[in-house]
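J.: Contents are mmCIF, C-alpha atoms; chains and numbers go by the auth columns; file name model07.cif:
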```
data_input
loop_
_atom_site.group_PDB
_atom_site.id
_atom_site.type_symbol
_atom_site.label_atom_id
_atom_site.label_comp_id
_atom_site.label_asym_id
_atom_site.label_seq_id
_atom_site.Cartn_x
_atom_site.Cartn_y
_atom_site.Cartn_z
_atom_site.B_iso_or_equiv
_atom_site.auth_seq_id
_atom_site.auth_asym_id
ATOM 1 C CA MET A 1 2.954 1.986 -7.456 0.00 1 A
ATOM 2 C CA SER A 2 6.164 3.969 -7.188 0.00 2 A
ATOM 3 C CA ASP A 3 8.535 4.470 -4.298 0.00 3 A
ATOM 4 C CA ILE A 4 7.798 8.217 -4.193 0.00 4 A
ATOM 5 C CA LYS A 5 5.349 9.382 -1.555 0.00 5 A
ATOM 6 C CA VAL A 6 3.141 12.447 -1.668 0.00 6 A
ATOM 7 C CA ARG A 7 5.050 14.082 1.200 0.00 7 A
ATOM 8 C CA GLU A 8 8.150 14.224 -1.023 0.00 8 A
ATOM 9 C CA VAL A 9 6.501 16.299 -3.754 0.00 9 A
ATOM 10 C CA MET A 10 3.674 18.256 -2.113 0.00 10 A
ATOM 11 C CA SER A 11 3.800 22.009 -1.566 0.00 11 A
ATOM 12 C CA SER A 12 2.813 23.973 1.497 0.00 12 A
ATOM 13 C CA SER A 13 -0.866 24.795 1.653 0.00 13 A
ATOM 14 C CA GLY A 14 -0.195 28.526 1.578 0.00 14 A
ATOM 15 C CA GLY A 15 -3.102 30.726 2.559 0.00 15 A
ATOM 16 C CA THR A 16 -6.439 29.466 3.784 0.00 16 A
ATOM 17 C CA VAL A 17 -9.652 31.166 4.817 0.00 17 A
ATOM 18 C CA SER A 18 -12.423 30.193 7.189 0.00 18 A
ATOM 19 C CA ARG A 19 -15.850 29.188 5.994 0.00 19 A
ATOM 20 C CA ASN A 20 -17.268 32.533 7.188 0.00 20 A
ATOM 21 C CA ALA A 21 -14.629 34.691 5.502 0.00 21 A
ATOM 22 C CA SER A 22 -15.841 37.144 2.891 0.00 22 A
ATOM 23 C CA LEU A 23 -15.556 36.309 -0.766 0.00 23 A
ATOM 24 C CA LEU A 24 -13.403 39.376 -1.337 0.00 24 A
ATOM 25 C CA GLU A 25 -10.960 38.167 1.315 0.00 25 A
ATOM 26 C CA ALA A 26 -10.541 34.906 -0.592 0.00 26 A
ATOM 27 C CA VAL A 27 -10.165 36.758 -3.908 0.00 27 A
ATOM 28 C CA HIS A 28 -7.460 39.014 -2.471 0.00 28 A
ATOM 29 C CA LEU A 29 -5.635 35.919 -1.188 0.00 29 A
ATOM 30 C CA MET A 30 -5.725 34.338 -4.649 0.00 30 A
ATOM 31 C CA ALA A 31 -4.308 37.499 -6.204 0.00 31 A
ATOM 32 C CA GLU A 32 -1.613 38.098 -3.581 0.00 32 A
ATOM 33 C CA GLN A 33 -0.344 34.514 -3.513 0.00 33 A
ATOM 34 C CA ASP A 34 -0.996 33.775 -7.210 0.00 34 A
ATOM 35 C CA VAL A 35 -2.883 30.582 -6.423 0.00 35 A
ATOM 36 C CA ALA A 36 -5.801 28.983 -8.243 0.00 36 A
ATOM 37 C CA VAL A 37 -7.333 27.256 -5.220 0.00 37 A
ATOM 38 C CA VAL A 38 -8.029 28.463 -1.691 0.00 38 A
ATOM 39 C CA PRO A 39 -8.791 25.806 0.960 0.00 39 A
ATOM 40 C CA ILE A 40 -11.780 26.567 3.171 0.00 40 A
ATOM 41 C CA LEU A 41 -11.445 25.543 6.817 0.00 41 A
ATOM 42 C CA ALA A 42 -14.104 24.970 9.443 0.00 42 A
ATOM 43 C CA GLU A 43 -14.363 27.411 12.302 0.00 43 A
ATOM 44 C CA GLY A 44 -12.913 26.032 15.521 0.00 44 A
ATOM 45 C CA ASP A 45 -11.209 22.755 14.647 0.00 45 A
ATOM 46 C CA GLY A 46 -9.680 23.918 11.357 0.00 46 A
ATOM 47 C CA ARG A 47 -10.672 20.852 9.360 0.00 47 A
ATOM 48 C CA LEU A 48 -10.755 21.132 5.585 0.00 48 A
ATOM 49 C CA VAL A 49 -14.391 21.533 4.514 0.00 49 A
ATOM 50 C CA GLY A 50 -14.229 22.946 0.991 0.00 50 A
ATOM 51 C CA LEU A 51 -12.254 24.418 -1.881 0.00 51 A
ATOM 52 C CA LEU A 52 -12.748 27.737 -3.609 0.00 52 A
ATOM 53 C CA THR A 53 -11.326 27.855 -7.126 0.00 53 A
ATOM 54 C CA GLU A 54 -10.675 30.586 -9.652 0.00 54 A
ATOM 55 C CA SER A 55 -13.500 29.184 -11.749 0.00 55 A
ATOM 56 C CA ASP A 56 -15.915 29.484 -8.819 0.00 56 A
ATOM 57 C CA VAL A 57 -15.025 33.145 -8.395 0.00 57 A
ATOM 58 C CA ILE A 58 -15.075 33.999 -12.095 0.00 58 A
ATOM 59 C CA ARG A 59 -18.499 32.428 -12.580 0.00 59 A
ATOM 60 C CA ARG A 60 -19.867 34.587 -9.772 0.00 60 A
ATOM 61 C CA ALA A 61 -18.116 37.690 -11.110 0.00 61 A
ATOM 62 C CA ILE A 62 -19.910 37.527 -14.481 0.00 62 A
ATOM 63 C CA PRO A 63 -22.514 40.333 -14.556 0.00 63 A
ATOM 64 C CA ASP A 64 -26.195 39.453 -14.340 0.00 64 A
ATOM 65 C CA GLU A 65 -28.851 40.780 -16.722 0.00 65 A
ATOM 66 C CA LYS A 66 -28.832 44.132 -14.953 0.00 66 A
ATOM 67 C CA GLY A 67 -25.064 44.435 -15.292 0.00 67 A
ATOM 68 C CA HIS A 68 -24.350 43.799 -11.617 0.00 68 A
ATOM 69 C CA SER A 69 -21.647 41.250 -10.819 0.00 69 A
ATOM 70 C CA ALA A 70 -21.666 39.144 -7.695 0.00 70 A
ATOM 71 C CA LEU A 71 -18.515 40.914 -6.522 0.00 71 A
ATOM 72 C CA SER A 72 -20.051 44.356 -6.989 0.00 72 A
ATOM 73 C CA ARG A 73 -23.136 43.249 -5.075 0.00 73 A
ATOM 74 C CA LEU A 74 -20.847 41.875 -2.372 0.00 74 A
ATOM 75 C CA ALA A 75 -19.005 45.193 -2.191 0.00 75 A
ATOM 76 C CA SER A 76 -22.334 46.937 -1.706 0.00 76 A
ATOM 77 C CA PHE A 77 -23.151 44.548 1.098 0.00 77 A
ATOM 78 C CA LEU A 78 -19.836 45.259 2.817 0.00 78 A
ATOM 79 C CA THR A 79 -20.589 48.974 2.767 0.00 79 A
ATOM 80 C CA GLY A 80 -24.019 48.323 4.262 0.00 80 A
ATOM 81 C CA GLU A 81 -25.986 49.179 1.120 0.00 81 A
ATOM 82 C CA GLU A 82 -27.287 45.710 0.325 0.00 82 A
ATOM 83 C CA PRO A 83 -28.156 42.698 2.524 0.00 83 A
ATOM 84 C CA LEU A 84 -26.100 40.038 0.788 0.00 84 A
ATOM 85 C CA GLY A 85 -24.611 37.122 2.761 0.00 85 A
ATOM 86 C CA THR A 86 -22.149 35.592 0.307 0.00 86 A
ATOM 87 C CA THR A 87 -19.095 34.118 2.041 0.00 87 A
ATOM 88 C CA ALA A 88 -16.176 32.053 0.813 0.00 88 A
ATOM 89 C CA GLY A 89 -17.894 29.020 2.317 0.00 89 A
ATOM 90 C CA ASP A 90 -21.117 29.740 0.437 0.00 90 A
ATOM 91 C CA LEU A 91 -19.316 29.723 -2.893 0.00 91 A
ATOM 92 C CA ALA A 92 -16.894 26.873 -2.203 0.00 92 A
ATOM 93 C CA HIS A 93 -17.727 23.328 -3.175 0.00 93 A
ATOM 94 C CA PRO A 94 -17.142 20.129 -1.177 0.00 94 A
ATOM 95 C CA VAL A 95 -13.738 18.512 -1.483 0.00 95 A
ATOM 96 C CA PRO A 96 -14.092 15.715 -4.084 0.00 96 A
ATOM 97 C CA ALA A 97 -10.821 14.016 -3.167 0.00 97 A
ATOM 98 C CA THR A 98 -7.912 14.234 -0.758 0.00 98 A
ATOM 99 C CA THR A 99 -4.723 12.301 -0.274 0.00 99 A
ATOM 100 C CA SER A 100 -2.414 11.330 2.554 0.00 100 A
ATOM 101 C CA PRO A 101 1.226 12.394 2.857 0.00 101 A
ATOM 102 C CA HIS A 102 2.062 8.678 2.946 0.00 102 A
ATOM 103 C CA ALA A 103 0.145 7.858 -0.254 0.00 103 A
ATOM 104 C CA ASP A 104 1.852 6.663 -3.420 0.00 104 A
ATOM 105 C CA PHE A 105 2.634 9.426 -5.906 0.00 105 A
ATOM 106 C CA TRP A 106 0.807 7.867 -8.853 0.00 106 A
ATOM 107 C CA ASP A 107 -2.257 7.051 -6.746 0.00 107 A
ATOM 108 C CA ALA A 108 -2.469 10.742 -5.834 0.00 108 A
ATOM 109 C CA VAL A 109 -2.031 11.798 -9.475 0.00 109 A
ATOM 110 C CA ARG A 110 -4.888 9.501 -10.496 0.00 110 A
ATOM 111 C CA ALA A 111 -7.091 10.962 -7.743 0.00 111 A
ATOM 112 C CA MET A 112 -6.247 14.461 -8.985 0.00 112 A
ATOM 113 C CA GLU A 113 -7.158 13.592 -12.564 0.00 113 A
ATOM 114 C CA GLN A 114 -10.355 11.727 -11.691 0.00 114 A
ATOM 115 C CA SER A 115 -11.568 14.574 -9.487 0.00 115 A
ATOM 116 C CA GLY A 116 -10.634 17.272 -11.984 0.00 116 A
ATOM 117 C CA LEU A 117 -8.771 19.229 -9.318 0.00 117 A
ATOM 118 C CA GLU A 118 -5.876 21.517 -10.157 0.00 118 A
ATOM 119 C CA GLU A 119 -4.572 20.994 -6.630 0.00 119 A
ATOM 120 C CA LEU A 120 -5.143 17.944 -4.442 0.00 120 A
ATOM 121 C CA PRO A 121 -5.401 18.611 -0.686 0.00 121 A
ATOM 122 C CA VAL A 122 -3.072 16.584 1.531 0.00 122 A
ATOM 123 C CA VAL A 123 -4.630 15.895 4.932 0.00 123 A
ATOM 124 C CA ASP A 124 -3.646 13.986 8.043 0.00 124 A
ATOM 125 C CA GLU A 125 -5.672 11.291 9.791 0.00 125 A
ATOM 126 C CA GLY A 126 -7.808 13.910 11.516 0.00 126 A
ATOM 127 C CA GLY A 127 -8.709 15.750 8.319 0.00 127 A
ATOM 128 C CA LEU A 128 -6.374 18.684 9.003 0.00 128 A
ATOM 129 C CA LEU A 129 -4.787 20.260 5.941 0.00 129 A
ATOM 130 C CA ILE A 130 -1.004 19.888 5.840 0.00 130 A
ATOM 131 C CA GLY A 131 -0.242 20.689 2.202 0.00 131 A
ATOM 132 C CA MET A 132 -1.352 20.681 -1.415 0.00 132 A
ATOM 133 C CA MET A 133 -0.139 18.589 -4.322 0.00 133 A
ATOM 134 C CA ASN A 134 -0.628 20.522 -7.534 0.00 134 A
ATOM 135 C CA ARG A 135 -0.072 19.874 -11.196 0.00 135 A
ATOM 136 C CA ARG A 136 3.142 21.904 -11.174 0.00 136 A
ATOM 137 C CA ASP A 137 4.564 19.512 -8.577 0.00 137 A
ATOM 138 C CA VAL A 138 3.795 16.642 -10.949 0.00 138 A
ATOM 139 C CA ILE A 139 5.322 18.400 -13.962 0.00 139 A
ATOM 140 C CA HIS A 140 8.517 19.252 -12.065 0.00 140 A
ATOM 141 C CA LEU A 141 8.966 15.592 -11.156 0.00 141 A
ATOM 142 C CA LEU A 142 8.342 14.456 -14.729 0.00 142 A
ATOM 143 C CA ALA A 143 10.845 17.020 -16.041 0.00 143 A
ATOM 144 C CA ARG A 144 13.870 15.675 -14.180 0.00 144 A
ATOM 145 C CA ASP A 145 17.059 15.196 -16.184 0.00 145 A
ATOM 146 C CA ASP A 146 17.968 11.811 -17.654 0.00 146 A
ATOM 147 C CA ALA A 147 20.769 11.139 -15.166 0.00 147 A
ATOM 148 C CA THR A 148 18.457 11.661 -12.190 0.00 148 A
ATOM 149 C CA ILE A 149 15.745 9.475 -13.711 0.00 149 A
ATOM 150 C CA ARG A 150 18.304 6.740 -14.427 0.00 150 A
ATOM 151 C CA GLN A 151 19.427 6.770 -10.790 0.00 151 A
ATOM 152 C CA HIS A 152 15.798 6.412 -9.754 0.00 152 A
ATOM 153 C CA VAL A 153 15.262 3.464 -12.109 0.00 153 A
ATOM 154 C CA VAL A 154 18.367 1.689 -10.780 0.00 154 A
ATOM 155 C CA HIS A 155 17.195 2.305 -7.214 0.00 155 A
ATOM 156 C CA VAL A 156 13.742 0.867 -7.953 0.00 156 A
ATOM 157 C CA LEU A 157 15.112 -2.224 -9.695 0.00 157 A
ATOM 158 C CA THR A 158 17.453 -3.094 -6.818 0.00 158 A
ATOM 159 C CA LYS A 159 14.451 -3.160 -4.517 0.00 159 A
ATOM 160 C CA MET A 160 13.048 -6.270 -6.184 0.00 160 A
ATOM 161 C CA ASP A 161 16.323 -8.129 -5.458 0.00 161 A
ATOM 162 C CA GLN A 162 19.749 -6.594 -5.796 0.00 162 A
ATOM 163 C CA GLU A 163 21.329 -9.785 -7.076 0.00 163 A
ATOM 164 C CA VAL A 164 18.618 -10.298 -9.671 0.00 164 A
ATOM 165 C CA ALA A 165 18.819 -6.672 -10.793 0.00 165 A
ATOM 166 C CA ALA A 166 22.613 -6.599 -11.032 0.00 166 A
ATOM 167 C CA PRO A 167 22.793 -7.875 -14.660 0.00 167 A
ATOM 168 C CA ILE A 168 20.322 -5.241 -15.877 0.00 168 A
ATOM 169 C CA GLY A 169 21.887 -2.308 -17.665 0.00 169 A
ATOM 170 C CA VAL A 170 19.904 0.938 -17.590 0.00 170 A
ATOM 171 C CA LYS A 171 20.126 3.884 -19.940 0.00 171 A
ATOM 172 C CA VAL A 172 17.730 6.839 -20.009 0.00 172 A
ATOM 173 C CA GLU A 173 17.576 9.277 -22.876 0.00 173 A
ATOM 174 C CA GLY A 174 14.832 11.764 -23.636 0.00 174 A
ATOM 175 C CA GLY A 175 12.322 10.095 -21.344 0.00 175 A
ATOM 176 C CA THR A 176 12.932 6.602 -22.762 0.00 176 A
ATOM 177 C CA ALA A 177 14.469 4.015 -20.455 0.00 177 A
ATOM 178 C CA VAL A 178 16.440 1.269 -22.184 0.00 178 A
ATOM 179 C CA LEU A 179 16.861 -1.980 -20.259 0.00 179 A
ATOM 180 C CA LYS A 180 19.554 -4.407 -21.443 0.00 180 A
ATOM 181 C CA GLY A 181 20.953 -7.592 -20.022 0.00 181 A
ATOM 182 C CA LYS A 182 20.081 -11.189 -19.221 0.00 182 A
ATOM 183 C CA VAL A 183 17.978 -12.122 -16.214 0.00 183 A
ATOM 184 C CA ASP A 184 16.880 -15.406 -14.696 0.00 184 A
ATOM 185 C CA ARG A 185 13.235 -15.598 -15.779 0.00 185 A
ATOM 186 C CA GLY A 186 10.553 -14.104 -17.936 0.00 186 A
ATOM 187 C CA SER A 187 8.713 -12.879 -14.843 0.00 187 A
ATOM 188 C CA THR A 188 11.836 -11.000 -13.738 0.00 188 A
ATOM 189 C CA LYS A 189 12.017 -9.303 -17.120 0.00 189 A
ATOM 190 C CA ASP A 190 8.318 -8.339 -16.970 0.00 190 A
ATOM 191 C CA LEU A 191 8.638 -7.028 -13.435 0.00 191 A
ATOM 192 C CA ALA A 192 11.673 -4.925 -14.335 0.00 192 A
ATOM 193 C CA VAL A 193 9.774 -3.323 -17.212 0.00 193 A
ATOM 194 C CA ARG A 194 6.727 -2.596 -15.051 0.00 194 A
ATOM 195 C CA LEU A 195 8.764 -1.072 -12.228 0.00 195 A
ATOM 196 C CA THR A 196 10.719 1.073 -14.678 0.00 196 A
ATOM 197 C CA SER A 197 7.566 2.333 -16.394 0.00 197 A
ATOM 198 C CA ARG A 198 6.271 3.640 -13.047 0.00 198 A
ATOM 199 C CA VAL A 199 9.263 5.882 -12.408 0.00 199 A
ATOM 200 C CA PRO A 200 8.153 9.520 -12.900 0.00 200 A
ATOM 201 C CA GLY A 201 9.838 10.934 -15.987 0.00 201 A
ATOM 202 C CA VAL A 202 9.932 7.602 -17.845 0.00 202 A
ATOM 203 C CA PHE A 203 7.519 8.005 -20.752 0.00 203 A
ATOM 204 C CA SER A 204 8.445 4.779 -22.512 0.00 204 A
ATOM 205 C CA VAL A 205 10.525 1.648 -21.893 0.00 205 A
ATOM 206 C CA SER A 206 12.667 -0.034 -24.539 0.00 206 A
ATOM 207 C CA ASP A 207 12.790 -3.652 -23.425 0.00 207 A
ATOM 208 C CA GLU A 208 15.999 -5.316 -24.638 0.00 208 A
ATOM 209 C CA LEU A 209 16.166 -7.845 -21.801 0.00 209 A
ATOM 210 C CA HIS A 210 16.695 -11.578 -22.268 0.00 210 A
ATOM 211 C CA TYR A 211 15.961 -14.391 -19.834 0.00 211 A
ATOM 212 C CA GLU A 212 16.882 -18.032 -19.219 0.00 212 A
ATOM 213 C CA ILE A 213 13.675 -19.589 -17.912 0.00 213 A
ATOM 214 C CA ASP A 214 10.163 -19.120 -19.292 0.00 214 A
ATOM 215 C CA ASP A 215 7.936 -19.213 -16.230 0.00 215 A
ATOM 216 C CA SER A 216 4.856 -17.737 -17.896 0.00 216 A
ATOM 217 C CA ASP A 217 2.847 -20.841 -16.977 0.00 217 A
ATOM 218 C CA VAL A 218 3.564 -20.456 -13.262 0.00 218 A
ATOM 219 C CA LYS A 219 0.420 -19.357 -11.415 0.00 219 A
ATOM 220 C CA PRO A 220 1.026 -16.047 -9.540 0.00 220 A
ATOM 221 C CA SER A 221 0.625 -15.978 -5.772 0.00 221 A
ATOM 222 C CA SER A 222 -1.814 -13.397 -4.408 0.00 222 A
ATOM 223 C CA GLY A 223 -0.326 -10.238 -2.922 0.00 223 A
ATOM 224 C CA GLN A 224 2.915 -10.380 -4.893 0.00 224 A
ATOM 225 C CA LEU A 225 3.747 -7.708 -7.425 0.00 225 A
ATOM 226 C CA GLY A 226 4.544 -9.290 -10.743 0.00 226 A
ATOM 227 C CA GLY A 227 3.566 -12.806 -9.704 0.00 227 A
ATOM 228 C CA SER A 228 5.186 -15.561 -7.727 0.00 228 A
ATOM 229 C CA ARG A 229 8.927 -15.334 -7.262 0.00 229 A
ATOM 230 C CA SER A 230 10.831 -17.723 -5.023 0.00 230 A
ATOM 231 C CA ASP A 231 14.394 -16.876 -4.094 0.00 231 A
ATOM 232 C CA PRO A 232 16.100 -16.724 -7.526 0.00 232 A
ATOM 233 C CA ARG A 233 19.433 -17.719 -6.015 0.00 233 A
ATOM 234 C CA THR A 234 18.085 -21.245 -5.461 0.00 234 A
ATOM 235 C CA THR A 235 16.854 -21.741 -9.015 0.00 235 A
ATOM 236 C CA ARG A 236 19.410 -20.169 -11.338 0.00 236 A
ATOM 237 C CA GLN A 237 23.076 -19.947 -12.052 0.00 237 A
ATOM 238 C CA MET A 238 24.891 -16.670 -11.587 0.00 238 A
ATOM 239 C CA ILE A 239 24.684 -14.616 -14.770 0.00 239 A
ATOM 240 C CA GLY A 240 27.078 -11.874 -15.734 0.00 240 A
ATOM 241 C CA PRO A 241 26.240 -8.671 -17.580 0.00 241 A
ATOM 242 C CA TYR A 242 24.775 -9.109 -21.038 0.00 242 A
#
```
Show how you would write the structure in this file as structure tokens.

T.:
Amino acid sequence: MSDIKVREVMSSSGGTVSRNASLLEAVHLMAEQDVAVVPILAEGDGRLVGLLTESDVIRRAIPDEKGHSALSRLASFLTGEEPLGTTAGDLAHPVPATTSPHADFWDAVRAMEQSGLEELPVVDEGGLLIGMMNRRDVIHLLARDDATIRQHVVHVLTKMDQEVAAPIGVKVEGGTAVLKGKVDRGSTKDLAVRLTSRVPGVFSVSDELHYEIDDSDVKPSSGQLGGSRSDPRTTRQMIGPY
């Protein structure tokens, strides 16, 4: 997990259309707002019921054997020349995955990748759409400068225990985080590396940490990240910077 929540990186949902909206209405919205996905909402309560993607539209726009595209047939229908009932809801597919604004950033990224979505809908407890998390949001977070990423790493490490984290020196350069110093235990060292690796923008961790006590044989307690850790102040001497 990371300490970044979806609400901190998501974008506004932009335009939406109802399930009964025409396909052309959805296509115009895509073009005007330069978006690849249009959320489809239910009539009445406004719950998210589907997603219409560029790929969905393009597949339907490919001409059939007679040279008539779905969009041209739809245009004929709108002028009253052909009884065709294609709507945005007809073409949209069910939502394979959603996320909560309170969800962990990396959990949402995994859901996006596993579902194959370009944009992951963010919904509240009632299923109402409140935003979208897209791949550009992820890239922007990964592309932060080294100084900003270093500040984030330091912030994350102090959360495990400020006194334990104090001896750890952090340097970030070109997406690589270098950890130096001497900590109390091997489990502290391992935890520091894991927490650092989960900071968006850290692509690799150079582990140059040392430790006093090898506690690799200590059985981890359930529910604790990185294993069992009693209060380190009761089991170690104060250690200065390495």

J.: Name the residues that the PyMOL selection byres ((chain A and resi 202) around 10) pulls out of this structure, and write them as an mmCIF file with C-alpha atoms, in the coordinates of the input.

T.:
```cif
data_model
loop_
_atom_site.group_PDB
_atom_site.id
_atom_site.type_symbol
_atom_site.label_atom_id
_atom_site.label_comp_id
_atom_site.auth_asym_id
_atom_site.auth_seq_id
_atom_site.Cartn_x
_atom_site.Cartn_y
_atom_site.Cartn_z
ATOM 1 C CA LEU A 142 8.342 14.456 -14.729
ATOM 2 C CA ALA A 143 10.845 17.020 -16.041
ATOM 3 C CA ARG A 144 13.870 15.675 -14.180
ATOM 4 C CA ASP A 146 17.968 11.811 -17.654
ATOM 5 C CA ILE A 149 15.745 9.475 -13.711
ATOM 6 C CA ARG A 150 18.304 6.740 -14.427
ATOM 7 C CA VAL A 153 15.262 3.464 -12.109
ATOM 8 C CA VAL A 172 17.730 6.839 -20.009
ATOM 9 C CA GLU A 173 17.576 9.277 -22.876
ATOM 10 C CA GLY A 174 14.832 11.764 -23.636
ATOM 11 C CA GLY A 175 12.322 10.095 -21.344
ATOM 12 C CA THR A 176 12.932 6.602 -22.762
ATOM 13 C CA ALA A 177 14.469 4.015 -20.455
ATOM 14 C CA THR A 196 10.719 1.073 -14.678
ATOM 15 C CA SER A 197 7.566 2.333 -16.394
ATOM 16 C CA ARG A 198 6.271 3.640 -13.047
ATOM 17 C CA VAL A 199 9.263 5.882 -12.408
ATOM 18 C CA PRO A 200 8.153 9.520 -12.900
ATOM 19 C CA GLY A 201 9.838 10.934 -15.987
ATOM 20 C CA PHE A 203 7.519 8.005 -20.752
ATOM 21 C CA SER A 204 8.445 4.779 -22.512
ATOM 22 C CA VAL A 205 10.525 1.648 -21.893
#
```

J.: Could the residues of region 97-134 of chain A that have an atom at most 8 Å from region 33-56 of chain A be listed as a tab-separated table, each with its closest atom pair and the distance in Å to one decimal, counting all atoms listed in the file and ordered by chain and ascending residue number?

T.:
```
residue	atom	partner	partner_atom	distance
A:Glu118	CA	A:Ala36	CA	7.7
A:Glu119	CA	A:Val37	CA	7.0
A:Gly126	CA	A:Arg47	CA	7.8
A:Gly127	CA	A:Arg47	CA	5.6
A:Leu128	CA	A:Arg47	CA	4.8
A:Leu129	CA	A:Leu48	CA	6.0
```

J.: Rank A:Glu25, A:Asp190, A:Asp215, A:Asp137 by their smallest atom-to-atom distance to Met160 (chain A), using only C-alpha atoms, and report the top residue only.

T.: A:Asp190

J.: CA of Tyr211 (chain A) and CA of Ile4 (chain A), how far apart in Å?

T.: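 So the answer is 28.7 Å.
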
J.: One decimal, in Å: what's the spacing between CA of Val17 (chain A) and CA of Ala103 (chain A)?

T.: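 Here the two named atoms are 25.8 Å from each other.
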
J.: Determine, counting all atoms listed in the file, which protein, DNA and RNA residues have an atom within 9 Å of an atom of Ala192 (chain A); residues of the same chain fewer than 3 positions away are not included. Present the result as a PyMOL selection string.

T.: chain A and resi 156-157+160+165+168+179+187-189+195-197

J.: Determine the residue set returned by the PyMOL selection byres ((chain A and resi 113) around 12) for the present structure, and present it as number ranges by chain.

T.: A: 96-98, 106-112, 114-120, 133-135, 138

J.: What does the distance between CA of Ala166 (chain A) and CA of Asp145 (chain A) come to in Å, to one decimal place?

T.: 23.1 Å

J.: Using only C-alpha atoms, which of the listed residues (A:Ile130, A:Val170, A:Val9, A:Val164) sits closest to Asp184 (chain A)?

T.: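 That would be A:Val164, the residue with the smallest distance to Asp184 (chain A).
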
J.: Return as JSON the box centre and box size in Å, one decimal, for an axis-aligned box around all listed atoms of region 123-133 of chain A padded by 8 Å per side.

T.:
```
{"center_x": -4.4, "center_y": 16.0, "center_z": 3.6, "size_x": 24.6, "size_y": 25.4, "size_z": 31.8}
```

J.: Counting only C-alpha atoms, which residue out of A:Arg19, A:Arg136, A:Arg7, A:His210 sits closest to Lys180 (chain A)?

T.: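 That would be A:His210, the residue with the smallest distance to Lys180 (chain A).
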
J.: Applying the PyMOL selection byres ((chain A and resi 131) around 6) to the file I just gave you, which residues come out? Please list them as number ranges by chain.

T.: A: 11-13, 122, 129-130, 132

J.: With C-alpha atoms retained, could you export that selection as a PDB file, in the frame of the given file?

T.:
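part_18.pdb, written as the output of this step:
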```pdb
ATOM      1  CA  SER A  11       3.800  22.009  -1.566  1.00  0.00           C
ATOM      2  CA  SER A  12       2.813  23.973   1.497  1.00  0.00           C
ATOM      3  CA  SER A  13      -0.866  24.795   1.653  1.00  0.00           C
ATOM      4  CA  VAL A 122      -3.072  16.584   1.531  1.00  0.00           C
ATOM      5  CA  LEU A 129      -4.787  20.260   5.941  1.00  0.00           C
ATOM      6  CA  ILE A 130      -1.004  19.888   5.840  1.00  0.00           C
ATOM      7  CA  MET A 132      -1.352  20.681  -1.415  1.00  0.00           C
TER       8      MET A 132
END
```

J.: Please determine, counting only C-alpha atoms, which residue among A:Thr87, A:Leu191, A:Val27, A:Val123 has the shortest atom-to-atom distance to Lys159 (chain A).

T.: A:Leu191
